[in-house]
>>> print(open('start39.tsv').read())   # TSV, C-alpha atoms
chain	number	residue	atom	x	y	z
A	1	MET	CA	-10.98	-4.61	-5.70
A	2	ASN	CA	-13.38	-7.40	-6.75
A	3	ARG	CA	-12.44	-11.08	-7.02
A	4	GLY	CA	-12.17	-10.90	-10.80
A	5	SER	CA	-9.68	-8.06	-10.83
A	6	VAL	CA	-7.84	-9.60	-7.90
A	7	PHE	CA	-7.46	-12.85	-9.81
A	8	LEU	CA	-6.16	-11.02	-12.87
A	9	ALA	CA	-3.62	-9.21	-10.69
A	10	TRP	CA	-2.50	-12.49	-9.16
A	11	ARG	CA	-2.30	-14.23	-12.55
A	12	HIS	CA	-0.24	-11.35	-13.92
A	13	TRP	CA	2.10	-11.46	-10.93
A	14	VAL	CA	2.67	-15.19	-11.43
A	15	SER	CA	3.28	-14.67	-15.14
A	16	ARG	CA	6.16	-12.30	-14.44
A	17	GLY	CA	7.92	-15.19	-12.73
A	18	ALA	CA	11.58	-15.12	-11.90
A	19	ALA	CA	12.23	-12.02	-13.97
A	20	ALA	CA	10.68	-9.92	-11.22
A	21	ARG	CA	10.77	-12.16	-8.12
A	22	THR	CA	12.60	-15.37	-7.46
A	23	VAL	CA	10.49	-16.39	-4.44
A	24	PRO	CA	6.68	-16.35	-4.54
A	25	ARG	CA	5.26	-14.23	-1.74
A	26	HIS	CA	1.95	-15.06	-0.14
A	27	PRO	CA	0.06	-17.60	-2.30
A	28	GLN	CA	-3.17	-16.58	-0.56
A	29	PHE	CA	-2.43	-12.87	-0.93
A	30	CYS	CA	-5.13	-12.11	-3.45
A	31	LEU	CA	-7.60	-14.93	-3.38
A	32	GLU	CA	-8.65	-15.81	0.13
A	33	ASN	CA	-7.23	-14.22	3.26
A	34	HIS	CA	-6.99	-10.64	2.11
A	35	VAL	CA	-9.96	-9.91	-0.12
A	36	ASN	CA	-12.30	-8.91	2.69
A	37	HIS	CA	-9.77	-7.82	5.30
A	38	PRO	CA	-7.54	-4.98	4.08
A	39	LEU	CA	-4.57	-4.11	6.23
A	40	LEU	CA	-5.02	-0.41	5.43
A	41	GLN	CA	-8.16	1.47	4.43
A	42	VAL	CA	-7.96	5.09	3.30
A	43	SER	CA	-11.22	6.92	2.68
A	44	GLY	CA	-11.94	10.46	1.48
A	45	LEU	CA	-8.55	11.89	2.44
A	46	ARG	CA	-8.34	15.66	1.98
A	47	LYS	CA	-5.42	17.93	2.78
A	48	SER	CA	-5.01	21.65	2.14
A	49	TYR	CA	-2.24	24.15	2.76
A	50	GLY	CA	-4.05	27.44	2.99
A	51	PRO	CA	-6.21	27.80	-0.13
A	52	ALA	CA	-4.31	25.09	-2.01
A	53	GLU	CA	-6.03	21.70	-1.79
A	54	VAL	CA	-3.33	19.06	-2.28
A	55	LEU	CA	-5.41	15.92	-1.69
A	56	LYS	CA	-8.96	15.91	-3.04
A	57	GLY	CA	-10.71	12.91	-1.57
A	58	ILE	CA	-8.16	10.07	-1.89
A	59	SER	CA	-9.46	6.55	-1.20
A	60	PHE	CA	-7.75	3.18	-1.55
A	61	ASP	CA	-7.08	-0.08	0.31
A	62	LEU	CA	-3.89	-2.03	0.89
A	63	GLN	CA	-3.96	-5.77	1.42
A	64	LYS	CA	-1.63	-7.47	3.88
A	65	GLY	CA	1.56	-8.52	2.12
A	66	GLU	CA	0.95	-6.16	-0.81
A	67	THR	CA	3.37	-3.68	-2.31
A	68	LEU	CA	1.64	-0.57	-3.66
A	69	SER	CA	3.45	2.15	-5.60
A	70	LEU	CA	2.27	5.74	-5.96
A	71	ILE	CA	3.53	7.42	-9.12
A	72	GLY	CA	2.80	10.73	-10.76
A	73	PRO	CA	4.27	14.16	-11.52
A	74	SER	CA	5.84	16.33	-8.84
A	75	GLY	CA	3.17	18.19	-6.90
A	76	SER	CA	0.50	15.56	-7.51
A	77	GLY	CA	0.09	14.84	-3.77
A	78	LYS	CA	1.95	11.52	-3.50
A	79	SER	CA	4.25	12.42	-0.61
A	80	THR	CA	1.54	14.37	1.17
A	81	CYS	CA	-0.71	11.34	0.94
A	82	LEU	CA	2.00	9.17	2.44
A	83	ARG	CA	2.61	11.60	5.32
A	84	CYS	CA	-1.10	11.73	6.10
A	85	LEU	CA	-1.20	7.96	6.60
A	86	ASN	CA	0.80	8.20	9.84
A	87	PHE	CA	-0.37	11.74	10.62
A	88	LEU	CA	2.94	13.47	10.11
A	89	GLU	CA	0.51	15.71	8.25
A	90	LYS	CA	-3.02	16.10	9.63
A	91	PRO	CA	-5.69	15.81	6.92
A	92	GLN	CA	-8.70	18.11	7.00
A	93	ALA	CA	-11.06	15.25	6.19
A	94	GLY	CA	-11.15	11.52	5.68
A	95	GLU	CA	-10.06	8.54	7.72
A	96	VAL	CA	-7.17	6.09	7.82
A	97	LEU	CA	-7.74	2.63	9.30
A	98	LEU	CA	-4.98	0.12	10.09
A	99	GLU	CA	-6.42	-3.32	10.76
A	100	SER	CA	-9.81	-1.60	11.14
A	101	LYS	CA	-8.48	0.72	13.87
A	102	ARG	CA	-8.64	4.45	13.21
A	103	ILE	CA	-5.23	6.11	12.96
A	104	GLY	CA	-4.47	9.54	14.39
A	105	GLN	CA	-7.89	10.33	15.82
A	106	LEU	CA	-9.98	9.56	18.91
A	107	PRO	CA	-13.68	10.17	19.65
A	108	ASP	CA	-14.38	13.53	21.26
A	109	ARG	CA	-17.12	14.44	23.74
A	110	LYS	CA	-19.32	15.91	21.02
A	111	GLY	CA	-19.62	12.70	19.04
A	112	GLY	CA	-16.96	13.66	16.52
A	113	TRP	CA	-13.23	13.06	16.29
A	114	ARG	CA	-10.19	14.85	17.65
A	115	PHE	CA	-6.57	14.55	16.61
A	116	MET	CA	-4.34	12.49	18.86
A	117	THR	CA	-1.44	14.11	20.64
A	118	ASP	CA	2.07	13.00	19.65
A	119	THR	CA	2.21	10.87	22.80
A	120	GLU	CA	-1.06	9.16	21.92
A	121	LEU	CA	0.11	8.68	18.33
A	122	ALA	CA	3.48	7.15	19.21
A	123	PRO	CA	2.31	3.50	19.48
A	124	GLN	CA	0.48	3.75	16.14
A	125	ARG	CA	3.48	5.33	14.43
A	126	ARG	CA	5.61	2.39	15.52
A	127	GLU	CA	3.23	0.17	13.56
A	128	ILE	CA	3.66	2.33	10.43
A	129	GLY	CA	7.37	2.65	9.70
A	130	MET	CA	8.58	5.34	7.33
A	131	VAL	CA	11.71	5.73	5.23
A	132	PHE	CA	12.29	9.30	4.06
A	133	GLN	CA	14.19	10.87	1.19
A	134	LEU	CA	16.91	11.94	3.61
A	135	PHE	CA	18.44	9.54	6.08
A	136	TYR	CA	18.20	11.40	9.41
A	137	LEU	CA	20.91	9.34	11.10
A	138	TRP	CA	22.52	10.58	14.31
A	139	PRO	CA	26.12	11.48	13.30
A	140	HIS	CA	27.55	10.83	16.80
A	141	LEU	CA	26.14	7.29	17.00
A	142	THR	CA	27.43	4.16	15.31
A	143	VAL	CA	25.32	2.36	12.74
A	144	ARG	CA	24.34	-0.23	15.35
A	145	GLU	CA	23.38	2.47	17.83
A	146	ASN	CA	21.33	4.35	15.23
A	147	VAL	CA	19.31	1.25	14.44
A	148	ALA	CA	18.88	0.28	18.11
A	149	LEU	CA	17.98	3.69	19.50
A	150	ALA	CA	14.21	3.57	18.96
A	151	SER	CA	13.99	0.05	20.39
A	152	ILE	CA	15.66	1.29	23.58
A	153	LYS	CA	13.98	4.67	23.94
A	154	ALA	CA	10.50	3.98	22.58
A	155	ALA	CA	9.99	0.27	23.16
A	156	GLY	CA	11.94	-0.05	26.41
A	157	MET	CA	14.12	-2.88	25.13
A	158	ARG	CA	17.31	-3.75	26.97
A	159	ARG	CA	20.42	-2.40	25.29
A	160	ASP	CA	21.95	-5.80	24.58
A	161	GLU	CA	18.67	-7.06	23.09
A	162	ALA	CA	18.27	-3.90	21.00
A	163	HIS	CA	21.82	-4.21	19.68
A	164	ALA	CA	21.25	-7.86	18.76
A	165	LEU	CA	18.04	-6.90	16.93
A	166	ALA	CA	19.90	-4.07	15.19
A	167	GLU	CA	22.53	-6.47	13.90
A	168	GLU	CA	19.80	-8.81	12.65
A	169	MET	CA	18.17	-5.95	10.74
A	170	LEU	CA	21.55	-4.81	9.40
A	171	ASP	CA	21.95	-8.34	8.02
A	172	LYS	CA	18.75	-7.82	6.05
A	173	VAL	CA	20.20	-4.74	4.34
A	174	HIS	CA	23.65	-6.36	3.93
A	175	LEU	CA	25.45	-3.97	6.27
A	176	ARG	CA	26.24	-5.95	9.41
A	177	HIS	CA	29.93	-5.46	8.66
A	178	LYS	CA	29.38	-1.70	9.07
A	179	ALA	CA	27.77	-1.94	12.52
A	180	ASP	CA	30.64	-0.08	14.23
A	181	ALA	CA	31.01	2.59	11.55
A	182	TYR	CA	29.63	6.12	11.82
A	183	PRO	CA	27.26	7.64	9.23
A	184	GLU	CA	29.94	9.94	7.79
A	185	GLN	CA	31.97	6.84	6.88
A	186	LEU	CA	29.16	5.48	4.71
A	187	SER	CA	28.01	6.25	1.19
A	188	GLY	CA	24.57	7.74	0.68
A	189	GLY	CA	23.21	4.38	-0.42
A	190	GLN	CA	24.60	2.71	2.68
A	191	GLN	CA	23.10	5.40	4.91
A	192	GLN	CA	19.69	4.88	3.35
A	193	ARG	CA	20.00	1.14	3.92
A	194	VAL	CA	20.77	1.84	7.59
A	195	ALA	CA	17.62	3.98	7.69
A	196	ILE	CA	15.67	1.01	6.29
A	197	ALA	CA	17.19	-1.27	8.94
A	198	ARG	CA	16.17	1.24	11.62
A	199	THR	CA	12.59	1.10	10.35
A	200	LEU	CA	12.61	-2.71	10.24
A	201	ALA	CA	13.76	-2.82	13.87
A	202	GLN	CA	10.40	-1.29	14.86
A	203	LYS	CA	8.72	-4.44	13.44
A	204	PRO	CA	6.07	-2.32	11.69
A	205	LYS	CA	2.93	-3.74	10.14
A	206	LEU	CA	3.30	-1.32	7.22
A	207	ILE	CA	6.34	0.44	5.74
A	208	LEU	CA	6.08	3.72	3.84
A	209	PHE	CA	8.87	4.75	1.45
A	210	ASP	CA	8.89	8.40	0.42
A	211	GLU	CA	11.10	8.58	-2.69
A	212	PRO	CA	13.92	6.73	-0.91
A	213	THR	CA	16.40	7.09	-3.79
A	214	SER	CA	15.80	10.72	-4.79
A	215	ALA	CA	18.72	12.05	-2.70
A	216	LEU	CA	21.20	9.47	-4.03
A	217	ASP	CA	23.74	9.61	-6.80
A	218	PRO	CA	22.59	7.47	-9.75
A	219	GLU	CA	25.20	4.78	-9.16
A	220	LEU	CA	23.92	4.24	-5.58
A	221	VAL	CA	20.24	3.89	-6.44
A	222	GLY	CA	20.45	0.20	-7.35
A	223	GLU	CA	21.66	-0.98	-3.94
A	224	VAL	CA	18.70	0.63	-2.16
A	225	LEU	CA	16.19	-0.62	-4.71
A	226	GLY	CA	17.67	-4.09	-4.34
A	227	VAL	CA	16.92	-4.08	-0.61
A	228	ILE	CA	13.35	-2.87	-1.23
A	229	ARG	CA	12.90	-5.66	-3.78
A	230	GLU	CA	14.03	-8.23	-1.20
A	231	LEU	CA	11.54	-6.85	1.34
A	232	ALA	CA	8.77	-7.16	-1.26
A	233	GLU	CA	9.77	-10.77	-1.86
A	234	GLU	CA	9.45	-11.40	1.89
A	235	GLY	CA	5.83	-10.29	1.71
A	236	ARG	CA	6.20	-7.02	3.61
A	237	SER	CA	3.25	-4.65	3.40
A	238	MET	CA	4.64	-1.52	1.74
A	239	ILE	CA	3.64	1.70	0.02
A	240	LEU	CA	6.32	3.22	-2.18
A	241	VAL	CA	6.36	6.73	-3.63
A	242	THR	CA	8.91	6.67	-6.43
A	243	HIS	CA	9.96	8.16	-9.75
A	244	GLU	CA	11.63	4.84	-10.66
A	245	ILE	CA	8.81	3.74	-12.94
A	246	ARG	CA	10.32	0.51	-14.21
A	247	PHE	CA	11.18	-0.51	-10.67
A	248	ALA	CA	7.58	0.14	-9.64
A	249	ARG	CA	6.41	-2.05	-12.51
A	250	ASP	CA	8.65	-4.95	-11.49
A	251	VAL	CA	8.23	-4.82	-7.72
A	252	ALA	CA	4.76	-3.45	-6.99
A	253	ASP	CA	1.64	-5.59	-7.00
A	254	ARG	CA	-0.47	-2.51	-7.76
A	255	VAL	CA	0.22	1.02	-8.95
A	256	ILE	CA	-1.75	4.20	-8.32
A	257	PHE	CA	-1.18	7.10	-10.69
A	258	MET	CA	-1.94	10.46	-9.06
A	259	ASP	CA	-2.26	13.90	-10.60
A	260	GLY	CA	-3.62	17.14	-9.20
A	261	GLY	CA	-4.57	15.61	-5.87
A	262	HIS	CA	-6.71	12.89	-7.47
A	263	ILE	CA	-6.25	9.20	-8.19
A	264	VAL	CA	-6.39	9.12	-11.98
A	265	GLU	CA	-5.80	5.40	-12.49
A	266	GLU	CA	-5.02	2.32	-10.41
A	267	GLY	CA	-4.60	-1.35	-11.08
A	268	PRO	CA	-2.03	-4.14	-11.47
A	269	ALA	CA	1.41	-2.63	-11.97
A	270	ALA	CA	2.03	-3.86	-15.51
A	271	GLN	CA	-1.46	-2.88	-16.66
A	272	VAL	CA	-1.15	0.71	-15.44
A	273	ILE	CA	2.42	1.18	-16.68
A	274	ASP	CA	2.38	-0.87	-19.89
A	275	GLN	CA	-1.25	-0.44	-20.95
A	276	PRO	CA	-2.67	2.62	-19.18
A	277	ARG	CA	-6.33	3.34	-19.83
A	278	ARG	CA	-6.32	7.07	-19.13
A	279	GLU	CA	-4.87	9.62	-21.50
A	280	ARG	CA	-3.30	11.56	-18.62
A	281	THR	CA	-1.48	8.42	-17.47
A	282	ARG	CA	-0.24	7.73	-21.00
A	283	SER	CA	0.99	11.30	-21.33
A	284	PHE	CA	2.92	11.19	-18.06
A	285	LEU	CA	4.53	7.84	-18.80
A	286	GLY	CA	5.50	9.01	-22.26
A	287	GLN	CA	7.19	12.09	-20.80
A	288	VAL	CA	9.24	10.08	-18.31
A	289	GLY	CA	10.18	7.48	-20.88
A	290	ALA	CA	8.55	4.51	-19.16
>>> encode(input="start39.tsv", output="structure tokens")
Amino acid sequence: MNRGSVFLAWRHWVSRGAAARTVPRHPQFCLENHVNHPLLQVSGLRKSYGPAEVLKGISFDLQKGETLSLIGPSGSGKSTCLRCLNFLEKPQAGEVLLESKRIGQLPDRKGGWRFMTDTELAPQRREIGMVFQLFYLWPHLTVRENVALASIKAAGMRRDEAHALAEEMLDKVHLRHKADAYPEQLSGGQQQRVAIARTLAQKPKLILFDEPTSALDPELVGEVLGVIRELAEEGRSMILVTHEIRFARDVADRVIFMDGGHIVEEGPAAQVIDQPRRERTRSFLGQVGA
């Protein structure tokens, strides 16, 4: 992204004002600190399942403090792209850099690269938190224990410290009063908010959301989107795969439209969604009623 397009994105974001965000995020987000130092760099990402190539050379950057949304039809490669960023899926080609450090791969003895083992990957995965479609909460643990578990097991935190951190993160998703409840006592929306709190407890540099509302009843979607909006207002670095197009327009700084394993169009959220330049983008948005 050049300085001109960055400035336009920033000017557009400011123009949306309180209708989209009540608290300005990072004033230097687009103009100074982040132009030359992306948090995340993705280059030439390719992923195939047998003969089917799902990602066909995906490249993009994410600035620190930026919210990026990936939209597009089902099967376009959005979720696969997301899962390749933390190597839940291993791409056949391309590289992912977080703060200029290569993710998921180490130099081999032949001058190339080899995939990391799960043990080697674990510290990097803690820096890239992920919220899935399903909640994956332990049913036999309380909400507090679910949120604290990774801090105890993976980070070696003392139990009392991990529980205090868990309660702090539950505050962020407005569920501290449910700390002693069990997952089966919560609604789907509440369970997803616990999953978000669990991710926040890792203190990740980047959070990935893979269609976090797709498993929810319609009346529960708003409470989860509200939490994601608050995280965006805090200036969290996030990538969001979603079918909630209007939400993506209001919350994301940039939008990438994918189709057939390619990036078809990308730019400031309102430009891509309200005034798309590509016919394929216009067709998709017309079909979903955006």
>>> closest_residue(input="start39.tsv", among="A:Glu161, A:Asp253, A:Glu95, A:Glu168", to="A:Ser59", atoms="only C-alpha atoms")
A:Glu95
>>> closest_residue(input="start39.tsv", among="A:Ala155, A:Leu165, A:Ala122, A:Ala181", to="A:Pro139", atoms="only C-alpha atoms")
A:Ala181
>>> closest_residue(input="start39.tsv", among="A:Arg280, A:His262, A:Lys203, A:Arg109", to="A:Phe60", atoms="all atoms listed in the file")
A:His262
>>> residues_around(input="start39.tsv", residues="stretch 71-86 of chain A", least_positions_apart="5", cutoff="7 Å", atoms="all atoms listed in the file", output="VMD selection string")
chain A and resid 54 to 55 91 96 125 128 208 210 241 to 243 256 to 261
>>> closest_residue(input="start39.tsv", among="A:Gln124, A:Lys90, A:Val272, A:Gln105", to="A:Arg246", atoms="only C-alpha atoms")
A:Val272
>>> closest_residue(input="start39.tsv", among="A:Val227, A:Met169, A:Val42, A:Ala52", to="A:Gly94", atoms="all atoms listed in the file")
A:Val42
>>> atom_distance(input="start39.tsv", atom1="atom CA of A:Gln185", atom2="atom CA of A:Met130")
23.4 Å
>>> closest_residue(input="start39.tsv", among="A:Leu97, A:Ile263, A:Leu141, A:Ala162", to="A:Arg278", atoms="all atoms listed in the file")
A:Ile263
>>> residues_around(input="start39.tsv", residues="A:Asp274", least_positions_apart="6", cutoff="10 Å", atoms="all atoms listed in the file", output="VMD selection string")
chain A and resid 246 249 282 285 290
>>> write_last_selection(input="start39.tsv", atoms="C-alpha atoms", output="compact mmCIF listing (two decimals), in the frame of the given file")
# COMPACT_ATOMS: atom_id res chain seq x y z
CA ARG A 246 10.32 0.51 -14.21
CA ARG A 249 6.41 -2.05 -12.51
CA ARG A 282 -0.24 7.73 -21.00
CA LEU A 285 4.53 7.84 -18.80
CA ALA A 290 8.55 4.51 -19.16
>>> atom_distance(input="start39.tsv", atom1="atom CA of A:Phe247", atom2="atom CA of A:Ala197")
20.5 Å
>>> atom_distance(input="start39.tsv", atom1="atom CA of A:Ala93", atom2="atom CA of A:Arg46")
5.0 Å
>>> residues_around(input="start39.tsv", residues="A:Gln41", least_positions_apart="2", cutoff="12 Å", atoms="all atoms listed in the file", output="list in words")
Asn36, His37, Pro38, Leu39, Ser43, Gly44, Leu45, Ile58, Ser59, Phe60, Asp61, Leu62, Gln63, Lys64, Leu85, Gly94, Glu95, Val96, Leu97, Leu98, Glu99, Ser100, Lys101, Arg102 and Ile103 of chain A
>>> decode(input="start39.tsv", residues="stretch 168-242 of chain A", atoms="C-alpha atoms", output="PDB file, in the first residue's frame")
ATOM      1  CA  GLU A 168      -9.591  -9.824  33.375  1.00  0.00           C
ATOM      2  CA  MET A 169     -10.156 -11.234  29.880  1.00  0.00           C
ATOM      3  CA  LEU A 170     -13.700 -12.290  30.781  1.00  0.00           C
ATOM      4  CA  ASP A 171     -14.305  -8.654  31.734  1.00  0.00           C
ATOM      5  CA  LYS A 172     -13.362  -7.680  28.192  1.00  0.00           C
ATOM      6  CA  VAL A 173     -16.075  -9.931  26.762  1.00  0.00           C
ATOM      7  CA  HIS A 174     -18.593  -8.960  29.487  1.00  0.00           C
ATOM      8  CA  LEU A 175     -18.757 -12.410  31.067  1.00  0.00           C
ATOM      9  CA  ARG A 176     -16.922 -12.148  34.375  1.00  0.00           C
ATOM     10  CA  HIS A 177     -20.192 -12.941  36.137  1.00  0.00           C
ATOM     11  CA  LYS A 178     -20.157 -16.342  34.381  1.00  0.00           C
ATOM     12  CA  ALA A 179     -16.658 -17.316  35.551  1.00  0.00           C
ATOM     13  CA  ASP A 180     -17.934 -20.218  37.680  1.00  0.00           C
ATOM     14  CA  ALA A 181     -20.430 -21.500  35.117  1.00  0.00           C
ATOM     15  CA  TYR A 182     -19.844 -24.481  32.843  1.00  0.00           C
ATOM     16  CA  PRO A 183     -20.080 -24.278  29.027  1.00  0.00           C
ATOM     17  CA  GLU A 184     -23.385 -26.187  28.906  1.00  0.00           C
ATOM     18  CA  GLN A 185     -24.944 -23.437  31.035  1.00  0.00           C
ATOM     19  CA  LEU A 186     -24.103 -20.776  28.443  1.00  0.00           C
ATOM     20  CA  SER A 187     -25.722 -19.744  25.186  1.00  0.00           C
ATOM     21  CA  GLY A 188     -23.804 -20.206  21.957  1.00  0.00           C
ATOM     22  CA  GLY A 189     -22.977 -16.511  21.854  1.00  0.00           C
ATOM     23  CA  GLN A 190     -21.649 -16.616  25.398  1.00  0.00           C
ATOM     24  CA  GLN A 191     -19.537 -19.682  24.609  1.00  0.00           C
ATOM     25  CA  GLN A 192     -17.991 -17.919  21.630  1.00  0.00           C
ATOM     26  CA  ARG A 193     -17.205 -14.914  23.811  1.00  0.00           C
ATOM     27  CA  VAL A 194     -15.457 -17.251  26.266  1.00  0.00           C
ATOM     28  CA  ALA A 195     -13.455 -18.606  23.325  1.00  0.00           C
ATOM     29  CA  ILE A 196     -12.457 -15.023  22.469  1.00  0.00           C
ATOM     30  CA  ALA A 197     -11.420 -14.419  26.092  1.00  0.00           C
ATOM     31  CA  ARG A 198      -9.329 -17.601  25.974  1.00  0.00           C
ATOM     32  CA  THR A 199      -7.534 -16.275  22.897  1.00  0.00           C
ATOM     33  CA  LEU A 200      -6.978 -12.861  24.500  1.00  0.00           C
ATOM     34  CA  ALA A 201      -5.389 -14.535  27.531  1.00  0.00           C
ATOM     35  CA  GLN A 202      -2.545 -15.687  25.267  1.00  0.00           C
ATOM     36  CA  LYS A 203      -1.720 -11.991  24.651  1.00  0.00           C
ATOM     37  CA  PRO A 204      -1.311 -12.621  20.910  1.00  0.00           C
ATOM     38  CA  LYS A 205       0.193 -10.126  18.512  1.00  0.00           C
ATOM     39  CA  LEU A 206      -2.424 -11.076  15.911  1.00  0.00           C
ATOM     40  CA  ILE A 207      -5.917 -12.557  16.238  1.00  0.00           C
ATOM     41  CA  LEU A 208      -7.538 -14.602  13.469  1.00  0.00           C
ATOM     42  CA  PHE A 209     -11.334 -14.997  13.397  1.00  0.00           C
ATOM     43  CA  ASP A 210     -12.650 -17.791  11.190  1.00  0.00           C
ATOM     44  CA  GLU A 211     -16.356 -17.025  10.654  1.00  0.00           C
ATOM     45  CA  PRO A 212     -16.917 -16.665  14.407  1.00  0.00           C
ATOM     46  CA  THR A 213     -20.696 -16.209  14.113  1.00  0.00           C
ATOM     47  CA  SER A 214     -21.537 -18.879  11.531  1.00  0.00           C
ATOM     48  CA  ALA A 215     -22.510 -21.494  14.162  1.00  0.00           C
ATOM     49  CA  LEU A 216     -24.757 -19.095  16.099  1.00  0.00           C
ATOM     50  CA  ASP A 217     -28.476 -18.498  16.004  1.00  0.00           C
ATOM     51  CA  PRO A 218     -29.227 -15.127  14.371  1.00  0.00           C
ATOM     52  CA  GLU A 219     -30.283 -13.487  17.626  1.00  0.00           C
ATOM     53  CA  LEU A 220     -26.893 -14.305  19.212  1.00  0.00           C
ATOM     54  CA  VAL A 221     -24.716 -12.951  16.414  1.00  0.00           C
ATOM     55  CA  GLY A 222     -24.840  -9.337  17.596  1.00  0.00           C
ATOM     56  CA  GLU A 223     -23.267  -9.971  21.003  1.00  0.00           C
ATOM     57  CA  VAL A 224     -20.203 -11.618  19.441  1.00  0.00           C
ATOM     58  CA  LEU A 225     -19.849  -8.954  16.765  1.00  0.00           C
ATOM     59  CA  GLY A 226     -20.098  -6.316  19.480  1.00  0.00           C
ATOM     60  CA  VAL A 227     -17.075  -7.788  21.270  1.00  0.00           C
ATOM     61  CA  ILE A 228     -15.090  -7.936  18.017  1.00  0.00           C
ATOM     62  CA  ARG A 229     -15.976  -4.288  17.367  1.00  0.00           C
ATOM     63  CA  GLU A 230     -14.656  -3.330  20.812  1.00  0.00           C
ATOM     64  CA  LEU A 231     -11.390  -5.181  20.130  1.00  0.00           C
ATOM     65  CA  ALA A 232     -11.043  -3.289  16.849  1.00  0.00           C
ATOM     66  CA  GLU A 233     -11.552  -0.016  18.708  1.00  0.00           C
ATOM     67  CA  GLU A 234      -8.731  -1.007  21.068  1.00  0.00           C
ATOM     68  CA  GLY A 235      -6.399  -1.251  18.094  1.00  0.00           C
ATOM     69  CA  ARG A 236      -5.958  -5.023  18.083  1.00  0.00           C
ATOM     70  CA  SER A 237      -4.351  -6.487  14.971  1.00  0.00           C
ATOM     71  CA  MET A 238      -6.995  -8.801  13.512  1.00  0.00           C
ATOM     72  CA  ILE A 239      -7.950 -10.725  10.396  1.00  0.00           C
ATOM     73  CA  LEU A 240     -11.617 -11.620  10.149  1.00  0.00           C
ATOM     74  CA  VAL A 241     -13.211 -14.104   7.762  1.00  0.00           C
ATOM     75  CA  THR A 242     -16.913 -13.325   7.747  1.00  0.00           C
TER      76      THR A 242
END
